[in-house]
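Colleague: Input my_file05.csv, format and content: CSV, C-alpha atoms.
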```csv
chain,number,residue,atom,x,y,z
A,1,GLU,CA,-112.3,-215.9,12.2
A,2,ALA,CA,-113.2,-212.3,11.2
A,3,GLU,CA,-110.4,-210.3,9.8
A,4,VAL,CA,-109.5,-206.7,9.0
A,5,ALA,CA,-109.4,-206.5,5.2
A,6,GLN,CA,-107.0,-204.1,3.3
A,7,SER,CA,-106.4,-203.4,-0.3
A,8,PRO,CA,-104.3,-203.2,-2.3
A,9,ARG,CA,-101.6,-205.4,-0.8
A,10,TYR,CA,-98.9,-203.9,-2.9
A,11,LYS,CA,-98.7,-200.5,-4.7
A,12,ILE,CA,-95.9,-198.9,-6.7
A,13,THR,CA,-96.4,-195.3,-7.5
A,14,GLU,CA,-94.3,-192.5,-8.9
A,15,LYS,CA,-93.3,-189.5,-6.9
A,16,SER,CA,-96.0,-186.7,-6.9
A,17,GLN,CA,-98.8,-189.1,-7.9
A,18,ALA,CA,-101.8,-189.8,-5.7
A,19,VAL,CA,-102.4,-193.1,-4.0
A,20,ALA,CA,-105.2,-194.5,-1.9
A,21,PHE,CA,-105.6,-197.4,0.5
A,22,TRP,CA,-108.8,-199.0,1.6
A,23,CYS,CA,-109.7,-200.8,4.9
A,24,ASP,CA,-112.7,-202.8,6.0
A,25,PRO,CA,-112.6,-203.4,9.7
A,26,ILE,CA,-114.0,-206.4,11.6
A,27,SER,CA,-117.8,-206.1,11.5
A,28,GLY,CA,-119.2,-204.2,14.4
A,29,HIS,CA,-115.9,-202.6,15.5
A,30,ALA,CA,-116.3,-199.0,16.4
A,31,THR,CA,-112.7,-197.9,16.4
A,32,LEU,CA,-110.5,-197.9,13.4
A,33,TYR,CA,-106.8,-197.0,13.2
A,34,TRP,CA,-104.3,-196.4,10.4
A,35,TYR,CA,-100.6,-197.0,11.2
A,36,ARG,CA,-97.5,-196.5,9.1
A,37,GLN,CA,-94.6,-199.0,9.5
A,38,ILE,CA,-91.3,-198.0,7.9
A,39,LEU,CA,-89.0,-201.1,7.2
A,40,GLY,CA,-87.2,-202.1,10.3
A,41,GLN,CA,-89.2,-200.0,12.7
A,42,GLY,CA,-92.4,-200.3,14.8
A,43,PRO,CA,-95.7,-199.1,13.5
A,44,GLU,CA,-96.6,-195.4,14.2
A,45,LEU,CA,-100.2,-194.3,14.6
A,46,LEU,CA,-101.4,-191.9,11.9
A,47,VAL,CA,-105.1,-191.5,12.7
A,48,GLN,CA,-107.7,-193.0,14.9
A,49,PHE,CA,-111.5,-193.0,14.3
A,50,GLN,CA,-114.4,-193.7,16.6
A,51,ASP,CA,-117.3,-194.4,14.3
A,52,GLU,CA,-117.0,-191.7,11.7
A,53,SER,CA,-115.2,-189.1,13.9
A,54,VAL,CA,-111.5,-188.6,14.1
A,55,VAL,CA,-110.2,-188.8,17.7
A,56,ASP,CA,-106.5,-188.6,17.1
A,57,ASP,CA,-104.7,-187.4,13.9
A,58,SER,CA,-101.8,-185.6,15.7
A,59,GLN,CA,-99.2,-187.6,13.7
A,60,LEU,CA,-100.9,-187.4,10.3
A,61,PRO,CA,-99.0,-185.2,7.8
A,62,LYS,CA,-102.1,-183.2,6.9
A,63,ASP,CA,-100.5,-181.4,4.0
A,64,ARG,CA,-100.4,-184.6,1.9
A,65,PHE,CA,-102.3,-187.2,3.9
A,66,SER,CA,-106.1,-187.5,4.4
A,67,ALA,CA,-108.3,-190.1,5.9
A,68,GLU,CA,-112.0,-190.6,6.0
A,69,ARG,CA,-114.6,-193.1,7.4
A,70,LEU,CA,-117.8,-191.6,6.1
A,71,LYS,CA,-120.3,-194.1,7.3
A,72,GLY,CA,-118.4,-195.3,10.3
A,73,VAL,CA,-117.5,-198.6,8.6
A,74,ASP,CA,-114.8,-198.8,6.0
A,75,SER,CA,-112.1,-196.2,5.6
A,76,THR,CA,-109.8,-194.7,3.0
A,77,LEU,CA,-106.3,-193.3,3.5
A,78,LYS,CA,-105.1,-191.0,0.7
A,79,ILE,CA,-101.6,-189.6,0.0
A,80,GLN,CA,-101.3,-186.8,-2.5
A,81,PRO,CA,-98.7,-186.1,-3.7
A,82,ALA,CA,-96.6,-189.1,-2.8
A,83,GLU,CA,-93.0,-188.6,-1.8
A,84,LEU,CA,-90.1,-191.0,-1.7
A,85,GLY,CA,-90.1,-191.0,2.1
A,86,ASP,CA,-93.7,-192.3,2.1
A,87,SER,CA,-92.5,-195.8,1.1
A,88,ALA,CA,-93.7,-198.0,4.0
A,89,MET,CA,-96.3,-200.5,5.0
A,90,TYR,CA,-99.7,-199.0,5.9
A,91,LEU,CA,-101.5,-201.0,8.4
A,92,CYS,CA,-105.2,-200.8,9.3
A,93,ALA,CA,-106.5,-202.0,12.6
A,94,SER,CA,-109.8,-202.1,14.5
A,95,SER,CA,-111.1,-202.6,17.9
A,96,LEU,CA,-114.6,-203.3,19.3
A,97,PHE,CA,-115.0,-200.6,21.9
A,98,ARG,CA,-115.1,-196.9,21.7
A,99,ASP,CA,-113.5,-196.1,25.0
A,100,SER,CA,-110.2,-197.1,26.5
A,101,PHE,CA,-110.9,-200.4,28.2
A,102,SER,CA,-108.8,-203.2,29.5
A,103,GLY,CA,-110.4,-205.7,27.1
A,104,ASN,CA,-110.1,-203.5,24.0
A,105,THR,CA,-107.8,-205.6,21.9
A,106,ILE,CA,-106.7,-204.1,18.6
A,107,TYR,CA,-106.7,-206.4,15.5
A,108,PHE,CA,-104.5,-205.7,12.5
A,109,GLY,CA,-104.9,-206.3,8.8
A,110,GLU,CA,-102.2,-207.7,6.6
A,111,GLY,CA,-101.1,-204.3,5.5
A,112,SER,CA,-100.6,-202.4,2.2
A,113,TRP,CA,-97.0,-202.1,1.0
A,114,LEU,CA,-96.3,-198.8,-0.8
A,115,THR,CA,-93.2,-198.1,-2.8
A,116,VAL,CA,-92.7,-194.6,-4.2
A,117,VAL,CA,-90.2,-194.4,-7.1
B,1,GLY,CA,-95.0,-188.8,26.4
B,2,ASN,CA,-95.3,-192.6,26.1
B,3,SER,CA,-92.5,-194.7,24.8
B,4,VAL,CA,-91.4,-198.4,24.6
B,5,THR,CA,-87.8,-199.6,24.6
B,6,GLN,CA,-87.0,-203.2,23.6
B,7,MET,CA,-83.8,-205.0,23.1
B,8,GLU,CA,-82.3,-204.7,19.6
B,9,GLY,CA,-81.9,-207.7,17.5
B,10,PRO,CA,-81.4,-209.8,15.7
B,11,VAL,CA,-81.5,-212.4,18.4
B,12,THR,CA,-80.3,-215.8,17.2
B,13,LEU,CA,-81.0,-218.9,19.2
B,14,SER,CA,-80.9,-222.6,18.7
B,15,GLU,CA,-84.1,-224.7,18.8
B,16,GLU,CA,-85.2,-225.6,22.3
B,17,ALA,CA,-83.2,-222.7,23.9
B,18,PHE,CA,-84.8,-220.3,26.5
B,19,LEU,CA,-85.9,-217.0,25.2
B,20,THR,CA,-86.0,-213.6,26.8
B,21,ILE,CA,-86.8,-210.4,25.0
B,22,ASN,CA,-86.6,-207.3,27.2
B,23,CYS,CA,-89.1,-204.5,27.1
B,24,THR,CA,-89.4,-201.4,29.3
B,25,TYR,CA,-91.9,-198.6,29.0
B,26,THR,CA,-92.6,-195.0,30.0
B,27,ALA,CA,-96.2,-193.9,30.3
B,28,THR,CA,-98.5,-191.6,32.2
B,29,GLY,CA,-101.2,-193.4,34.1
B,30,TYR,CA,-101.7,-197.1,34.0
B,31,PRO,CA,-101.2,-198.5,30.5
B,32,SER,CA,-102.1,-201.9,29.1
B,33,LEU,CA,-99.2,-203.8,27.7
B,34,PHE,CA,-99.0,-206.1,24.7
B,35,TRP,CA,-96.7,-208.3,22.7
B,36,TYR,CA,-97.4,-208.5,19.0
B,37,VAL,CA,-95.7,-210.9,16.5
B,38,GLN,CA,-95.1,-210.2,12.8
B,39,TYR,CA,-94.2,-212.9,10.3
B,40,PRO,CA,-92.4,-211.9,7.1
B,41,GLY,CA,-94.7,-209.8,4.8
B,42,GLU,CA,-97.6,-210.0,7.1
B,43,GLY,CA,-99.5,-207.7,9.5
B,44,LEU,CA,-99.3,-207.9,13.3
B,45,GLN,CA,-100.9,-210.6,15.4
B,46,LEU,CA,-101.6,-210.2,19.1
B,47,LEU,CA,-99.5,-212.6,21.0
B,48,LEU,CA,-100.4,-211.8,24.6
B,49,LYS,CA,-101.5,-208.9,26.8
B,50,ALA,CA,-101.7,-207.7,30.4
B,51,THR,CA,-103.9,-204.9,31.6
B,52,LYS,CA,-102.8,-204.3,35.2
B,53,ALA,CA,-99.8,-204.6,37.5
B,54,ASP,CA,-98.7,-208.2,38.2
B,55,ASP,CA,-100.9,-209.6,35.5
B,56,LYS,CA,-99.3,-212.4,33.5
B,57,GLY,CA,-100.2,-212.7,29.8
B,58,SER,CA,-99.6,-216.1,28.1
B,59,ASN,CA,-100.1,-217.7,24.8
B,60,LYS,CA,-98.5,-220.5,22.7
B,61,GLY,CA,-95.9,-221.1,25.4
B,62,PHE,CA,-94.9,-217.4,25.6
B,63,GLU,CA,-95.3,-215.4,28.8
B,64,ALA,CA,-94.9,-211.9,30.0
B,65,THR,CA,-95.5,-210.3,33.5
B,66,TYR,CA,-96.6,-206.7,33.9
B,67,ARG,CA,-94.0,-205.3,36.4
B,68,LYS,CA,-95.0,-201.8,37.5
B,69,GLU,CA,-92.1,-201.3,39.9
B,70,THR,CA,-89.6,-201.9,37.1
B,71,THR,CA,-91.9,-200.6,34.3
B,72,SER,CA,-91.1,-203.8,32.4
B,73,PHE,CA,-92.9,-206.5,30.4
B,74,HIS,CA,-90.3,-209.0,29.3
B,75,LEU,CA,-91.3,-211.8,26.9
B,76,GLU,CA,-90.1,-215.3,27.7
B,77,LYS,CA,-90.5,-218.8,26.3
B,78,GLY,CA,-89.0,-221.9,27.8
B,79,SER,CA,-88.2,-223.8,24.5
B,80,VAL,CA,-88.3,-222.0,21.2
B,81,GLN,CA,-89.0,-223.6,17.8
B,82,VAL,CA,-88.0,-222.7,14.3
B,83,SER,CA,-91.5,-221.6,13.7
B,84,ASP,CA,-91.1,-218.8,16.3
B,85,SER,CA,-88.8,-217.0,14.0
B,86,ALA,CA,-90.4,-213.6,13.5
B,87,VAL,CA,-90.3,-209.9,14.6
B,88,TYR,CA,-91.7,-209.3,18.1
B,89,PHE,CA,-93.1,-205.9,19.1
B,90,CYS,CA,-93.8,-204.7,22.6
B,91,ALA,CA,-96.5,-202.1,22.8
B,92,LEU,CA,-98.5,-200.1,25.3
B,93,SER,CA,-102.0,-198.5,25.2
B,94,ALA,CA,-102.3,-195.6,27.6
B,95,ARG,CA,-105.8,-194.9,28.8
B,96,GLY,CA,-106.9,-191.4,28.1
B,97,GLY,CA,-110.4,-190.8,27.1
B,98,GLY,CA,-111.2,-192.3,23.7
B,99,ALA,CA,-107.7,-192.0,22.2
B,100,ASP,CA,-105.9,-195.2,22.9
B,101,GLY,CA,-103.8,-196.0,20.0
B,102,LEU,CA,-100.8,-198.3,20.6
B,103,THR,CA,-97.3,-197.1,21.0
B,104,PHE,CA,-94.8,-199.6,19.8
B,105,GLY,CA,-91.2,-200.4,20.3
B,106,LYS,CA,-88.9,-200.8,17.4
B,107,GLY,CA,-89.2,-204.6,17.3
B,108,THR,CA,-86.8,-207.5,17.9
B,109,HIS,CA,-86.0,-209.9,15.1
B,110,LEU,CA,-85.8,-213.4,16.4
B,111,ILE,CA,-84.1,-216.1,14.4
B,112,ILE,CA,-84.3,-219.7,15.6
B,113,GLN,CA,-81.8,-222.1,14.0
B,114,PRO,CA,-82.5,-225.9,13.9
```
Render the structure in this file as structure tokens.

Modeller:
Amino acid sequence: EAEVAQSPRYKITEKSQAVAFWCDPISGHATLYWYRQILGQGPELLVQFQDESVVDDSQLPKDRFSAERLKGVDSTLKIQPAELGDSAMYLCASSLFRDSFSGNTIYFGEGSWLTVV
Amino acid sequence: GNSVTQMEGPVTLSEEAFLTINCTYTATGYPSLFWYVQYPGEGLQLLLKATKADDKGSNKGFEATYRKETTSFHLEKGSVQVSDSAVYFCALSARGGGADGLTFGKGTHLIIQP
């Protein structure tokens, strides 16, 4: 079964350093999402792409976070500089369709754990 | 805005007990509703979904019915197993053009004891 691939699985970084996460969605999926999940809470949407375009980044802290999906396939989420409060799991997800649609199921990757020390 | 409220855990049950995890939502329009499950250290897996009022989603013995009149989507299972121990998230996807990211509840940690 096709999966959403993420790397690295685990990352420890020092405060004020830069960190990046990579995601490869399920082949052919037009929409890609990045979520942040703080321990003990539900995931929160950071950014949503349709193909290479951002359609929602209202919750992305743009002073330190950036995301790109240059060719409309894989994506990178970057944090610079990292802060202690950024410690969380970063989840990538993808869905087949571009538009809101009753069959538009969202599939998640295994997540990338970030610890900022 | 959109929000999801689900019962706080942990919920501890004995094997073969009946399970209910309550979930209510607030949304504009007519959202789709989902239950996702997360096992320790892993990402989220879709458990079931319902896309319109009175739809029942089901999978692996779990069921949930989309109740528009009570804005609820409670998760049930008739006989739980130890392997069902996980965190369960209720979520909605509100239809609004192309932006349809999920809004999640805080999760309910389920512990099943043998």

Colleague: Report as a Markdown table the residues of chain B within 6 Å of chain A, each with its shortest atom pair and distance in Å (one decimal), using all atoms listed in the file, ordered by chain and increasing residue number.

Modeller:
```
| residue | atom | partner | partner_atom | distance |
| --- | --- | --- | --- | --- |
| B:Glu42 | CA | A:Glu110 | CA | 5.2 |
| B:Gly43 | CA | A:Glu110 | CA | 4.0 |
| B:Leu44 | CA | A:Phe108 | CA | 5.7 |
| B:Thr51 | CA | A:Ser102 | CA | 5.6 |
| B:Arg95 | CA | A:Ser100 | CA | 5.4 |
| B:Gly98 | CA | A:Asp99 | CA | 4.6 |
| B:Asp100 | CA | A:Ser100 | CA | 5.9 |
| B:Phe104 | CA | A:Gly42 | CA | 5.6 |
| B:Gly105 | CA | A:Gly42 | CA | 5.6 |
| B:Lys106 | CA | A:Gly42 | CA | 4.4 |
| B:Gly107 | CA | A:Gly42 | CA | 5.9 |
```

Colleague: Would you kindly return, as a ChimeraX atom specification, each protein, DNA or RNA residue with an atom no farther than 6 Å from any atom of stretch 77-86 of chain B, considering all atoms listed in the file and excluding same-chain residues fewer than 2 positions away?

Modeller: /B:15-19,38-39,61-62,109-112

Colleague: Grab the atom CA of A:Leu77 to atom CA of A:Leu114 distance for me, in Å with one decimal place.

Modeller: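 These atoms are spaced 12.2 Å apart.
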
Colleague: Suppose you want the space between atom CA of A:Ala2 and atom CA of B:Val87; what is it in Å?

Modeller: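 It comes out at 23.3 Å.
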
Colleague: If you count all atoms listed in the file, which residues fall within 9 Å of B:Val4, apart from same-chain ones fewer than 6 positions away, as a list in words?

Modeller: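 My list of contacting residues is Cys23, Thr24, Tyr25, Thr26, Ala27, Cys90, Ala91, Leu92, Thr103, Phe104, Gly105 and Lys106 of chain B.
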
Colleague: Figure out the distance between atom CA of B:Ser93 and atom CA of B:Leu46, please, to one decimal in Å.

Modeller: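 Between atom CA of B:Leu46 and atom CA of B:Ser93 the gap works out to 13.2 Å.
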
Colleague: Out of B:Ser32, B:Gln45, B:Thr20, B:Thr5, which residue has the shortest atom-to-atom distance to B:Gly57 when counting all atoms listed in the file?

Modeller: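 Ranked by minimum distance to B:Gly57, first place goes to B:Ser32.
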
Colleague: Set the distance at 8 Å and use only C-alpha atoms: which residues neighbour A:Thr115 once local chain neighbours fewer than 6 positions away are removed? I'd like the list as a VMD selection string.

Modeller: chain A and resid 11 to 13 84 86 to 88

Colleague: Write a file of the just-selected residues containing C-alpha atoms, as a PDB file, in the coordinates of the input.

Modeller:
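That gives us selection-v1.pdb:
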```
ATOM      1  CA  LYS A  11     -98.700-200.500  -4.700  1.00  0.00           C
ATOM      2  CA  ILE A  12     -95.900-198.900  -6.700  1.00  0.00           C
ATOM      3  CA  THR A  13     -96.400-195.300  -7.500  1.00  0.00           C
ATOM      4  CA  LEU A  84     -90.100-191.000  -1.700  1.00  0.00           C
ATOM      5  CA  ASP A  86     -93.700-192.300   2.100  1.00  0.00           C
ATOM      6  CA  SER A  87     -92.500-195.800   1.100  1.00  0.00           C
ATOM      7  CA  ALA A  88     -93.700-198.000   4.000  1.00  0.00           C
TER       8      ALA A  88
END
```

Colleague: May I ask you to restore N, CA, C and O atoms in stretch 61-75 of chain B and write the result as an mmCIF file, in the frame of the given file?

Modeller:
```
data_model
loop_
_atom_site.group_PDB
_atom_site.id
_atom_site.type_symbol
_atom_site.label_atom_id
_atom_site.label_comp_id
_atom_site.auth_asym_id
_atom_site.auth_seq_id
_atom_site.Cartn_x
_atom_site.Cartn_y
_atom_site.Cartn_z
ATOM 1 N N GLY B 61 -97.103 -220.814 24.688
ATOM 2 C CA GLY B 61 -95.900 -221.100 25.400
ATOM 3 C C GLY B 61 -95.096 -219.806 25.766
ATOM 4 O O GLY B 61 -94.110 -219.866 26.507
ATOM 5 N N PHE B 62 -95.526 -218.657 25.258
ATOM 6 C CA PHE B 62 -94.900 -217.400 25.600
ATOM 7 C C PHE B 62 -95.587 -216.801 26.846
ATOM 8 O O PHE B 62 -96.786 -216.970 27.042
ATOM 9 N N GLU B 63 -94.793 -216.092 27.650
ATOM 10 C CA GLU B 63 -95.300 -215.400 28.800
ATOM 11 C C GLU B 63 -94.683 -214.078 29.010
ATOM 12 O O GLU B 63 -93.537 -213.879 28.597
ATOM 13 N N ALA B 64 -95.432 -213.162 29.662
ATOM 14 C CA ALA B 64 -94.900 -211.900 30.000
ATOM 15 C C ALA B 64 -95.630 -211.376 31.250
ATOM 16 O O ALA B 64 -96.861 -211.502 31.297
ATOM 17 N N THR B 65 -94.919 -210.810 32.229
ATOM 18 C CA THR B 65 -95.500 -210.300 33.500
ATOM 19 C C THR B 65 -95.404 -208.808 33.531
ATOM 20 O O THR B 65 -94.313 -208.264 33.337
ATOM 21 N N TYR B 66 -96.494 -208.139 33.817
ATOM 22 C CA TYR B 66 -96.600 -206.700 33.900
ATOM 23 C C TYR B 66 -95.924 -206.287 35.270
ATOM 24 O O TYR B 66 -96.497 -206.523 36.342
ATOM 25 N N ARG B 67 -94.752 -205.675 35.221
ATOM 26 C CA ARG B 67 -94.000 -205.300 36.400
ATOM 27 C C ARG B 67 -94.037 -203.753 36.522
ATOM 28 O O ARG B 67 -93.278 -203.073 35.841
ATOM 29 N N LYS B 68 -94.900 -203.239 37.371
ATOM 30 C CA LYS B 68 -95.000 -201.800 37.500
ATOM 31 C C LYS B 68 -93.817 -201.180 38.165
ATOM 32 O O LYS B 68 -93.377 -200.084 37.808
ATOM 33 N N GLU B 69 -93.229 -201.888 39.126
ATOM 34 C CA GLU B 69 -92.100 -201.300 39.900
ATOM 35 C C GLU B 69 -90.874 -201.132 39.020
ATOM 36 O O GLU B 69 -90.079 -200.241 39.271
ATOM 37 N N THR B 70 -90.734 -201.984 37.996
ATOM 38 C CA THR B 70 -89.600 -201.900 37.100
ATOM 39 C C THR B 70 -90.001 -201.385 35.705
ATOM 40 O O THR B 70 -89.170 -201.314 34.797
ATOM 41 N N THR B 71 -91.259 -201.029 35.551
ATOM 42 C CA THR B 71 -91.900 -200.600 34.300
ATOM 43 C C THR B 71 -91.378 -201.533 33.131
ATOM 44 O O THR B 71 -90.836 -201.085 32.113
ATOM 45 N N SER B 72 -91.590 -202.829 33.338
ATOM 46 C CA SER B 72 -91.100 -203.800 32.400
ATOM 47 C C SER B 72 -92.187 -204.810 31.997
ATOM 48 O O SER B 72 -93.164 -205.008 32.735
ATOM 49 N N PHE B 73 -91.986 -205.452 30.849
ATOM 50 C CA PHE B 73 -92.900 -206.500 30.400
ATOM 51 C C PHE B 73 -92.116 -207.404 29.449
ATOM 52 O O PHE B 73 -92.322 -207.491 28.262
ATOM 53 N N HIS B 74 -91.189 -208.133 30.047
ATOM 54 C CA HIS B 74 -90.300 -209.000 29.300
ATOM 55 C C HIS B 74 -90.972 -210.226 28.772
ATOM 56 O O HIS B 74 -91.724 -210.882 29.504
ATOM 57 N N LEU B 75 -90.679 -210.580 27.535
ATOM 58 C CA LEU B 75 -91.300 -211.800 26.900
ATOM 59 C C LEU B 75 -90.358 -212.968 27.108
ATOM 60 O O LEU B 75 -89.150 -212.865 26.889
#
```
